[in-house]
Protein chains: 2
Amino acid sequence: MHPRKGTTLHMTITENPAIRNGVDTATLFATLDAIKADPEIAKFQFRASNRWISGAHSRSTLDGFFGAKQEMNHAVAHVADADHPAILVGEDNGPTPVEYLLHALAACLTAGLANIAAARGVNLTEVTSTFEGDIDLLGILGLSKDVRNGYQQIKVTFNVKGDDPEKLRQVVEQSRQRSAVYDVLTHGVPISIDVVAG
Amino acid sequence: MHPRKGTTLHMTITENPAIRNGVDTATLFATLDAIKADPEIAKFQFRASNRWISGAHSRSTLDGFFGAKQEMNHAVAHVADADHPAILVGEDNGPTPVEYLLHALAACLTAGLANIAAARGVNLTEVTSTFEGDIDLLGILGLSKDVRNGYQQIKVTFNVKGDDPEKLRQVVEQSRQRSAVYDVLTHGVPISIDVVAG
């Protein structure tokens, strides 16, 4: 069995931790110190396993991952469904795959924002954001060679409330500069695909 | 009110539709014909709205979208939570943002596979797949300038059962070539971020 919960990189905090924006900043800084002392801790592998259900409907399980030099699991195995809406010949049993890209970007920028603000002593009271991705389906349908398959652009708007607006803007900018998902979506990543058929 | 369900681009099918792999191929081909006749139908915009909850925990709603020259909504408003696990100073209220990237890729390739196989008359009996994304957190933590923020590579393995294995392989390859998420993740997309602070 892999550890399911409560595992942290730092076990020696005895004082009441400094919680800001819901972030345990003592643990955050202790984690940074632990990684500085042993960079191998920072090597992670995240995983998904997916099963086709019917038509455009499939379900992924997000559970096991590797990090901090050990195999781990989420507190519970997270499950996510995806499908196409009726107008795209699906049954709408979940968001579309491309909407999950927007959600991933939203969640990454927002988590970074909360963590960075906490580390800088900046208080947040409310953070909302909207994401718009433009896509021309002539690409994926193979009806035009001049149209790409994916989004042509993504437009993001953040509404952030809390301390000094200029500090809030700087925190959003720093979150963008340190976002894993923003990096992948703007710069791309090598993907290899193996197929076992039959 | 925007149409919530049952809206398709083709309303004149009276015969029993040809269902293969759970895909209504008659509607699929009718949709292609409708788009060929009026390419404006193919211009879509997908959207997410996100609200920060606490720490690394946020929640996205995926509901309204534009497509087929009209504002539409999903059959229900889909909701997705994201968080960091305990070892990354979160509370594990959902998958991590980077796991959602893997799920988006899984769901897009799998939906494409089912649709393309159906269009080609290829029967599927089982499709499972695994996704592994390697990431070194020295990047997002700002501890190394030589390490990127996002995944360094993603490795995918598909297990596909059904008709002739060679046809199944060709269907997976065609799905890769026509996948919106694969395109975005391998080639990147321009992202603009506006901030309203205070």
# chains A, B, ... in the order shown; residues from 1 in each chain; ligands from 1
>>> residues_around(residues="Arg20 in chain A", least_positions_apart="5", cutoff="9 Å", atoms="only C-alpha atoms", output="ChimeraX atom specification")
/A:25,114-115,117-119,121-124 /B:55
>>> write_last_selection(atoms="all heavy atoms", output="mmCIF file, in the first residue's frame")
data_model
loop_
_atom_site.group_PDB
_atom_site.id
_atom_site.type_symbol
_atom_site.label_atom_id
_atom_site.label_comp_id
_atom_site.auth_asym_id
_atom_site.auth_seq_id
_atom_site.Cartn_x
_atom_site.Cartn_y
_atom_site.Cartn_z
ATOM 1 N N THR A 25 1.693 28.143 5.211
ATOM 2 C CA THR A 25 2.951 28.710 4.692
ATOM 3 C C THR A 25 4.171 28.092 5.371
ATOM 4 O O THR A 25 5.232 27.991 4.743
ATOM 5 C CB THR A 25 2.985 30.241 4.853
ATOM 6 O OG1 THR A 25 2.791 30.562 6.229
ATOM 7 C CG2 THR A 25 1.914 30.899 4.003
ATOM 8 N N ALA A 114 -2.797 31.530 -5.230
ATOM 9 C CA ALA A 114 -3.035 31.429 -3.787
ATOM 10 C C ALA A 114 -1.733 31.132 -3.040
ATOM 11 O O ALA A 114 -1.462 31.719 -1.975
ATOM 12 C CB ALA A 114 -4.070 30.338 -3.502
ATOM 13 N N ASN A 115 -0.922 30.237 -3.608
ATOM 14 C CA ASN A 115 0.342 29.886 -2.959
ATOM 15 C C ASN A 115 1.334 31.054 -2.960
ATOM 16 O O ASN A 115 1.974 31.337 -1.950
ATOM 17 C CB ASN A 115 0.985 28.673 -3.661
ATOM 18 C CG ASN A 115 0.389 27.347 -3.207
ATOM 19 O OD1 ASN A 115 0.009 27.185 -2.047
ATOM 20 N ND2 ASN A 115 0.291 26.404 -4.122
ATOM 21 N N ALA A 117 0.694 34.262 -3.346
ATOM 22 C CA ALA A 117 0.197 35.346 -2.484
ATOM 23 C C ALA A 117 0.490 35.022 -1.020
ATOM 24 O O ALA A 117 0.962 35.883 -0.263
ATOM 25 C CB ALA A 117 -1.305 35.550 -2.707
ATOM 26 N N ALA A 118 0.242 33.774 -0.617
ATOM 27 C CA ALA A 118 0.498 33.380 0.775
ATOM 28 C C ALA A 118 1.981 33.540 1.114
ATOM 29 O O ALA A 118 2.334 34.064 2.177
ATOM 30 C CB ALA A 118 0.051 31.931 1.001
ATOM 31 N N ALA A 119 2.838 33.097 0.211
ATOM 32 C CA ALA A 119 4.284 33.189 0.457
ATOM 33 C C ALA A 119 4.745 34.631 0.580
ATOM 34 O O ALA A 119 5.692 34.934 1.311
ATOM 35 C CB ALA A 119 5.049 32.491 -0.671
ATOM 36 N N GLY A 121 2.818 37.059 1.737
ATOM 37 C CA GLY A 121 2.046 37.759 2.769
ATOM 38 C C GLY A 121 0.919 38.606 2.214
ATOM 39 O O GLY A 121 0.473 39.562 2.845
ATOM 40 N N VAL A 122 0.447 38.241 1.032
ATOM 41 C CA VAL A 122 -0.649 38.974 0.387
ATOM 42 C C VAL A 122 -1.950 38.201 0.609
ATOM 43 O O VAL A 122 -2.036 37.013 0.299
ATOM 44 C CB VAL A 122 -0.386 39.133 -1.127
ATOM 45 C CG1 VAL A 122 -1.578 39.787 -1.815
ATOM 46 C CG2 VAL A 122 0.895 39.928 -1.367
ATOM 47 N N ASN A 123 -2.944 38.891 1.166
ATOM 48 C CA ASN A 123 -4.230 38.246 1.443
ATOM 49 C C ASN A 123 -5.180 38.331 0.265
ATOM 50 O O ASN A 123 -5.344 39.390 -0.340
ATOM 51 C CB ASN A 123 -4.894 38.908 2.660
ATOM 52 C CG ASN A 123 -4.087 38.684 3.927
ATOM 53 O OD1 ASN A 123 -3.892 37.558 4.375
ATOM 54 N ND2 ASN A 123 -3.574 39.779 4.499
ATOM 55 N N LEU A 124 -5.834 37.219 -0.041
ATOM 56 C CA LEU A 124 -6.871 37.153 -1.063
ATOM 57 C C LEU A 124 -8.231 37.016 -0.379
ATOM 58 O O LEU A 124 -8.345 36.307 0.619
ATOM 59 C CB LEU A 124 -6.666 35.935 -1.962
ATOM 60 C CG LEU A 124 -5.324 35.808 -2.688
ATOM 61 C CD1 LEU A 124 -5.236 34.444 -3.370
ATOM 62 C CD2 LEU A 124 -5.148 36.935 -3.686
ATOM 63 N N GLY B 55 -6.681 27.747 -0.512
ATOM 64 C CA GLY B 55 -5.411 27.105 -0.827
ATOM 65 C C GLY B 55 -5.324 26.796 -2.312
ATOM 66 O O GLY B 55 -5.607 27.655 -3.151
#
>>> residues_around(residues="range 149-163 of chain B", least_positions_apart="5", cutoff="9 Å", atoms="only C-alpha atoms", output="PyMOL selection string")
(chain A and resi 45+177-185+188-198) or (chain B and resi 98+102+106+122-142+168-169+172)
>>> write_last_selection(atoms="N, CA and C atoms", output="CSV table (one decimal), in the first residue's frame")
chain,number,residue,atom,x,y,z
A,45,GLN,N,6.0,12.1,-11.3
A,45,GLN,CA,5.3,11.6,-12.4
A,45,GLN,C,3.8,11.5,-12.1
A,177,GLN,N,4.0,33.1,-14.7
A,177,GLN,CA,5.4,32.7,-15.0
A,177,GLN,C,5.9,31.4,-14.4
A,178,ARG,N,5.1,30.9,-13.4
A,178,ARG,CA,5.5,29.6,-12.8
A,178,ARG,C,4.5,28.5,-13.0
A,179,SER,N,3.6,28.7,-13.9
A,179,SER,CA,2.5,27.7,-14.1
A,179,SER,C,2.9,26.6,-15.0
A,180,ALA,N,2.7,25.3,-14.5
A,180,ALA,CA,3.0,24.1,-15.3
A,180,ALA,C,2.1,24.0,-16.5
A,181,VAL,N,0.8,24.3,-16.2
A,181,VAL,CA,-0.2,24.1,-17.3
A,181,VAL,C,0.0,25.2,-18.4
A,182,TYR,N,0.2,26.5,-17.9
A,182,TYR,CA,0.4,27.6,-18.9
A,182,TYR,C,1.7,27.3,-19.7
A,183,ASP,N,2.7,26.7,-19.1
A,183,ASP,CA,3.9,26.4,-19.9
A,183,ASP,C,3.6,25.4,-20.9
A,184,VAL,N,2.9,24.3,-20.5
A,184,VAL,CA,2.6,23.2,-21.5
A,184,VAL,C,1.7,23.7,-22.6
A,185,LEU,N,0.7,24.5,-22.2
A,185,LEU,CA,-0.3,25.0,-23.3
A,185,LEU,C,0.3,26.0,-24.2
A,188,GLY,N,4.0,23.7,-25.6
A,188,GLY,CA,3.9,22.3,-26.0
A,188,GLY,C,4.8,21.4,-25.3
A,189,VAL,N,4.6,20.1,-25.5
A,189,VAL,CA,5.3,19.0,-24.8
A,189,VAL,C,5.4,17.8,-25.7
A,190,PRO,N,6.6,17.1,-25.7
A,190,PRO,CA,6.6,15.9,-26.6
A,190,PRO,C,5.7,14.8,-26.0
A,191,ILE,N,5.0,14.2,-26.9
A,191,ILE,CA,4.0,13.1,-26.5
A,191,ILE,C,4.4,11.9,-27.4
A,192,SER,N,4.6,10.7,-26.8
A,192,SER,CA,4.8,9.5,-27.5
A,192,SER,C,3.5,8.6,-27.3
A,193,ILE,N,3.1,7.9,-28.3
A,193,ILE,CA,1.9,7.0,-28.2
A,193,ILE,C,2.3,5.6,-28.7
A,194,ASP,N,2.1,4.7,-27.8
A,194,ASP,CA,2.2,3.3,-28.2
A,194,ASP,C,0.9,2.6,-28.3
A,195,VAL,N,0.7,1.7,-29.2
A,195,VAL,CA,-0.6,1.1,-29.3
A,195,VAL,C,-0.5,-0.4,-29.3
A,196,VAL,N,-1.3,-1.1,-28.4
A,196,VAL,CA,-1.4,-2.5,-28.4
A,196,VAL,C,-2.8,-2.8,-28.9
A,197,ALA,N,-2.9,-3.5,-30.1
A,197,ALA,CA,-4.2,-3.7,-30.7
A,197,ALA,C,-4.4,-5.2,-30.9
A,198,GLY,N,-5.7,-5.5,-30.8
A,198,GLY,CA,-6.1,-6.9,-31.1
A,198,GLY,C,-6.7,-7.6,-29.9
B,98,VAL,N,-2.3,19.4,-13.5
B,98,VAL,CA,-1.6,18.7,-14.6
B,98,VAL,C,-2.1,17.3,-14.9
B,102,LEU,N,-3.6,15.3,-18.7
B,102,LEU,CA,-3.6,13.9,-19.1
B,102,LEU,C,-5.0,13.4,-19.4
B,106,ALA,N,-6.4,12.0,-22.9
B,106,ALA,CA,-7.0,10.7,-22.9
B,106,ALA,C,-8.4,10.7,-23.5
B,122,VAL,N,-15.4,0.2,-38.3
B,122,VAL,CA,-14.6,-0.6,-37.5
B,122,VAL,C,-15.2,-0.7,-36.1
B,123,ASN,N,-15.4,-2.0,-35.6
B,123,ASN,CA,-16.0,-2.2,-34.3
B,123,ASN,C,-15.0,-2.2,-33.2
B,124,LEU,N,-15.3,-1.5,-32.1
B,124,LEU,CA,-14.4,-1.6,-30.9
B,124,LEU,C,-15.2,-2.4,-29.9
B,125,THR,N,-14.4,-3.2,-29.1
B,125,THR,CA,-15.0,-3.9,-28.0
B,125,THR,C,-14.5,-3.3,-26.6
B,126,GLU,N,-13.2,-2.9,-26.6
B,126,GLU,CA,-12.7,-2.3,-25.4
B,126,GLU,C,-11.5,-1.4,-25.7
B,127,VAL,N,-11.5,-0.3,-25.1
B,127,VAL,CA,-10.4,0.7,-25.2
B,127,VAL,C,-10.0,1.2,-23.9
B,128,THR,N,-8.7,0.9,-23.5
B,128,THR,CA,-8.2,1.5,-22.2
B,128,THR,C,-6.8,2.1,-22.6
B,129,SER,N,-6.4,3.1,-21.8
B,129,SER,CA,-5.2,3.8,-22.1
B,129,SER,C,-4.6,4.3,-20.8
B,130,THR,N,-3.3,4.5,-20.8
B,130,THR,CA,-2.6,5.1,-19.7
B,130,THR,C,-1.7,6.2,-20.1
B,131,PHE,N,-1.6,7.2,-19.2
B,131,PHE,CA,-0.9,8.4,-19.5
B,131,PHE,C,0.1,8.7,-18.4
B,132,GLU,N,1.4,9.0,-18.7
B,132,GLU,CA,2.4,9.3,-17.7
B,132,GLU,C,3.0,10.6,-18.1
B,133,GLY,N,3.0,11.6,-17.2
B,133,GLY,CA,3.6,12.9,-17.5
B,133,GLY,C,4.7,13.1,-16.5
B,134,ASP,N,6.0,13.3,-17.0
B,134,ASP,CA,7.1,13.6,-16.1
B,134,ASP,C,7.3,15.1,-15.9
B,135,ILE,N,7.4,15.5,-14.6
B,135,ILE,CA,7.6,16.9,-14.3
B,135,ILE,C,8.6,17.0,-13.1
B,136,ASP,N,9.5,18.0,-13.3
B,136,ASP,CA,10.5,18.3,-12.2
B,136,ASP,C,10.1,19.6,-11.6
B,137,LEU,N,9.7,19.5,-10.3
B,137,LEU,CA,9.1,20.7,-9.7
B,137,LEU,C,10.1,21.8,-9.4
B,138,LEU,N,11.4,21.5,-9.7
B,138,LEU,CA,12.4,22.6,-9.5
B,138,LEU,C,12.0,23.8,-10.4
B,139,GLY,N,11.3,23.5,-11.5
B,139,GLY,CA,10.9,24.6,-12.4
B,139,GLY,C,9.8,25.5,-11.8
B,140,ILE,N,8.7,25.0,-11.4
B,140,ILE,CA,7.6,25.8,-10.9
B,140,ILE,C,7.9,26.4,-9.5
B,141,LEU,N,8.8,25.8,-8.8
B,141,LEU,CA,9.2,26.3,-7.5
B,141,LEU,C,10.3,27.4,-7.6
B,142,GLY,N,10.7,27.6,-8.9
B,142,GLY,CA,11.7,28.7,-9.1
B,142,GLY,C,13.1,28.3,-8.5
B,168,LEU,N,-7.3,-1.2,-36.3
B,168,LEU,CA,-7.4,-0.5,-35.0
B,168,LEU,C,-6.2,0.4,-34.9
B,169,ARG,N,-5.0,0.0,-35.3
B,169,ARG,CA,-3.9,0.9,-35.2
B,169,ARG,C,-4.0,2.1,-36.1
B,172,VAL,N,-6.3,4.6,-34.4
B,172,VAL,CA,-5.6,5.4,-33.3
B,172,VAL,C,-4.7,6.5,-33.9
>>> select_by_dssp(residues="range 57-184 of chain B", states="helix (DSSP H, G or I)", output="MDAnalysis selection string")
chainID B and resid 86:88 97:119 165:177 180:184
>>> residues_around(residues="Asp83 in chain B", least_positions_apart="6", cutoff="8 Å", atoms="only C-alpha atoms", output="PyMOL selection string")
(chain A and resi 107+111) or (chain B and resi 56-58+90-97)
>>> residues_around(residues="Phe29 in chain A", least_positions_apart="3", cutoff="12 Å", atoms="only C-alpha atoms", output="PyMOL selection string")
(chain A and resi 9-10+13+17-19+23-26+32-36+115-116+118-120) or (chain B and resi 88-89+141)
>>> write_last_selection(atoms="N, CA and C atoms", output="compact mmCIF listing (two decimals), in the first residue's frame")
# COMPACT_ATOMS: atom_id res chain seq x y z
N LEU A 9 6.29 16.50 3.42
CA LEU A 9 7.75 16.44 3.38
C LEU A 9 8.35 16.92 4.69
N HIS A 10 7.53 17.46 5.56
CA HIS A 10 8.06 18.11 6.74
C HIS A 10 7.20 17.67 7.92
N ILE A 13 6.90 20.28 12.32
CA ILE A 13 6.27 21.52 12.75
C ILE A 13 5.47 21.28 14.02
N PRO A 17 0.73 26.38 12.58
CA PRO A 17 1.25 26.88 11.31
C PRO A 17 0.59 28.20 10.93
N ALA A 18 1.31 28.98 10.16
CA ALA A 18 0.80 30.26 9.68
C ALA A 18 -0.04 30.00 8.43
N ILE A 19 -1.35 30.05 8.60
CA ILE A 19 -2.26 29.81 7.47
C ILE A 19 -2.64 31.15 6.83
N VAL A 23 -3.45 28.47 2.81
CA VAL A 23 -2.16 27.82 2.55
C VAL A 23 -1.36 27.78 3.84
N ASP A 24 -0.87 26.61 4.19
CA ASP A 24 0.00 26.44 5.36
C ASP A 24 1.40 26.89 4.95
N THR A 25 1.69 28.14 5.21
CA THR A 25 2.95 28.71 4.69
C THR A 25 4.17 28.09 5.37
N ALA A 26 4.02 27.65 6.62
CA ALA A 26 5.16 26.99 7.28
C ALA A 26 5.53 25.71 6.53
N LEU A 32 9.94 23.77 0.44
CA LEU A 32 10.98 24.38 -0.39
C LEU A 32 12.37 24.07 0.17
N ASP A 33 12.52 24.15 1.47
CA ASP A 33 13.82 23.86 2.10
C ASP A 33 14.22 22.40 1.88
N ALA A 34 13.25 21.51 2.02
CA ALA A 34 13.55 20.08 1.84
C ALA A 34 14.01 19.80 0.41
N ILE A 35 13.38 20.45 -0.55
CA ILE A 35 13.74 20.23 -1.96
C ILE A 35 15.10 20.86 -2.28
N LYS A 36 15.36 22.02 -1.69
CA LYS A 36 16.69 22.62 -1.88
C LYS A 36 17.78 21.68 -1.37
N ASN A 115 -0.92 30.24 -3.61
CA ASN A 115 0.34 29.89 -2.96
C ASN A 115 1.33 31.05 -2.96
N ILE A 116 1.46 31.69 -4.11
CA ILE A 116 2.42 32.80 -4.21
C ILE A 116 2.00 33.96 -3.33
N ALA A 118 0.24 33.77 -0.62
CA ALA A 118 0.50 33.38 0.78
C ALA A 118 1.98 33.54 1.11
N ALA A 119 2.84 33.10 0.21
CA ALA A 119 4.28 33.19 0.46
C ALA A 119 4.74 34.63 0.58
N ARG A 120 4.06 35.54 -0.12
CA ARG A 120 4.43 36.96 -0.09
C ARG A 120 3.69 37.74 0.99
N LEU B 88 2.07 18.16 -1.69
CA LEU B 88 2.31 19.45 -2.34
C LEU B 88 1.47 20.55 -1.67
N VAL B 89 1.30 20.41 -0.37
CA VAL B 89 0.73 21.46 0.49
C VAL B 89 -0.73 21.77 0.14
N LEU B 141 8.84 25.77 -8.82
CA LEU B 141 9.23 26.31 -7.52
C LEU B 141 10.31 27.39 -7.64
>>> closest_residue(among="B:Glu71, B:Glu166, B:Asp38, B:Asp146", to="chain A", atoms="only C-alpha atoms")
B:Glu166
>>> select_by_dssp(residues="range 92-159 of chain A", states="strand (DSSP E)", output="VMD selection string")
chain A and resid 124 to 136 153 to 159
>>> closest_residue(among="A:Asp81, A:Glu173, A:Glu40, A:Asp164", to="Trp52 in chain A", atoms="only C-alpha atoms")
A:Asp81
>>> closest_residue(among="A:Gln174, A:Ser144, A:Ser49, A:Asn73", to="chain B", atoms="only C-alpha atoms")
A:Ser49
>>> atom_distance(atom1="CA of Leu101 in chain A", atom2="CA of Val171 in chain A")
22.2 Å
>>> closest_residue(among="A:Lys167, A:Lys145, A:Thr31, A:Ala42", to="chain B", atoms="only C-alpha atoms")
A:Ala42
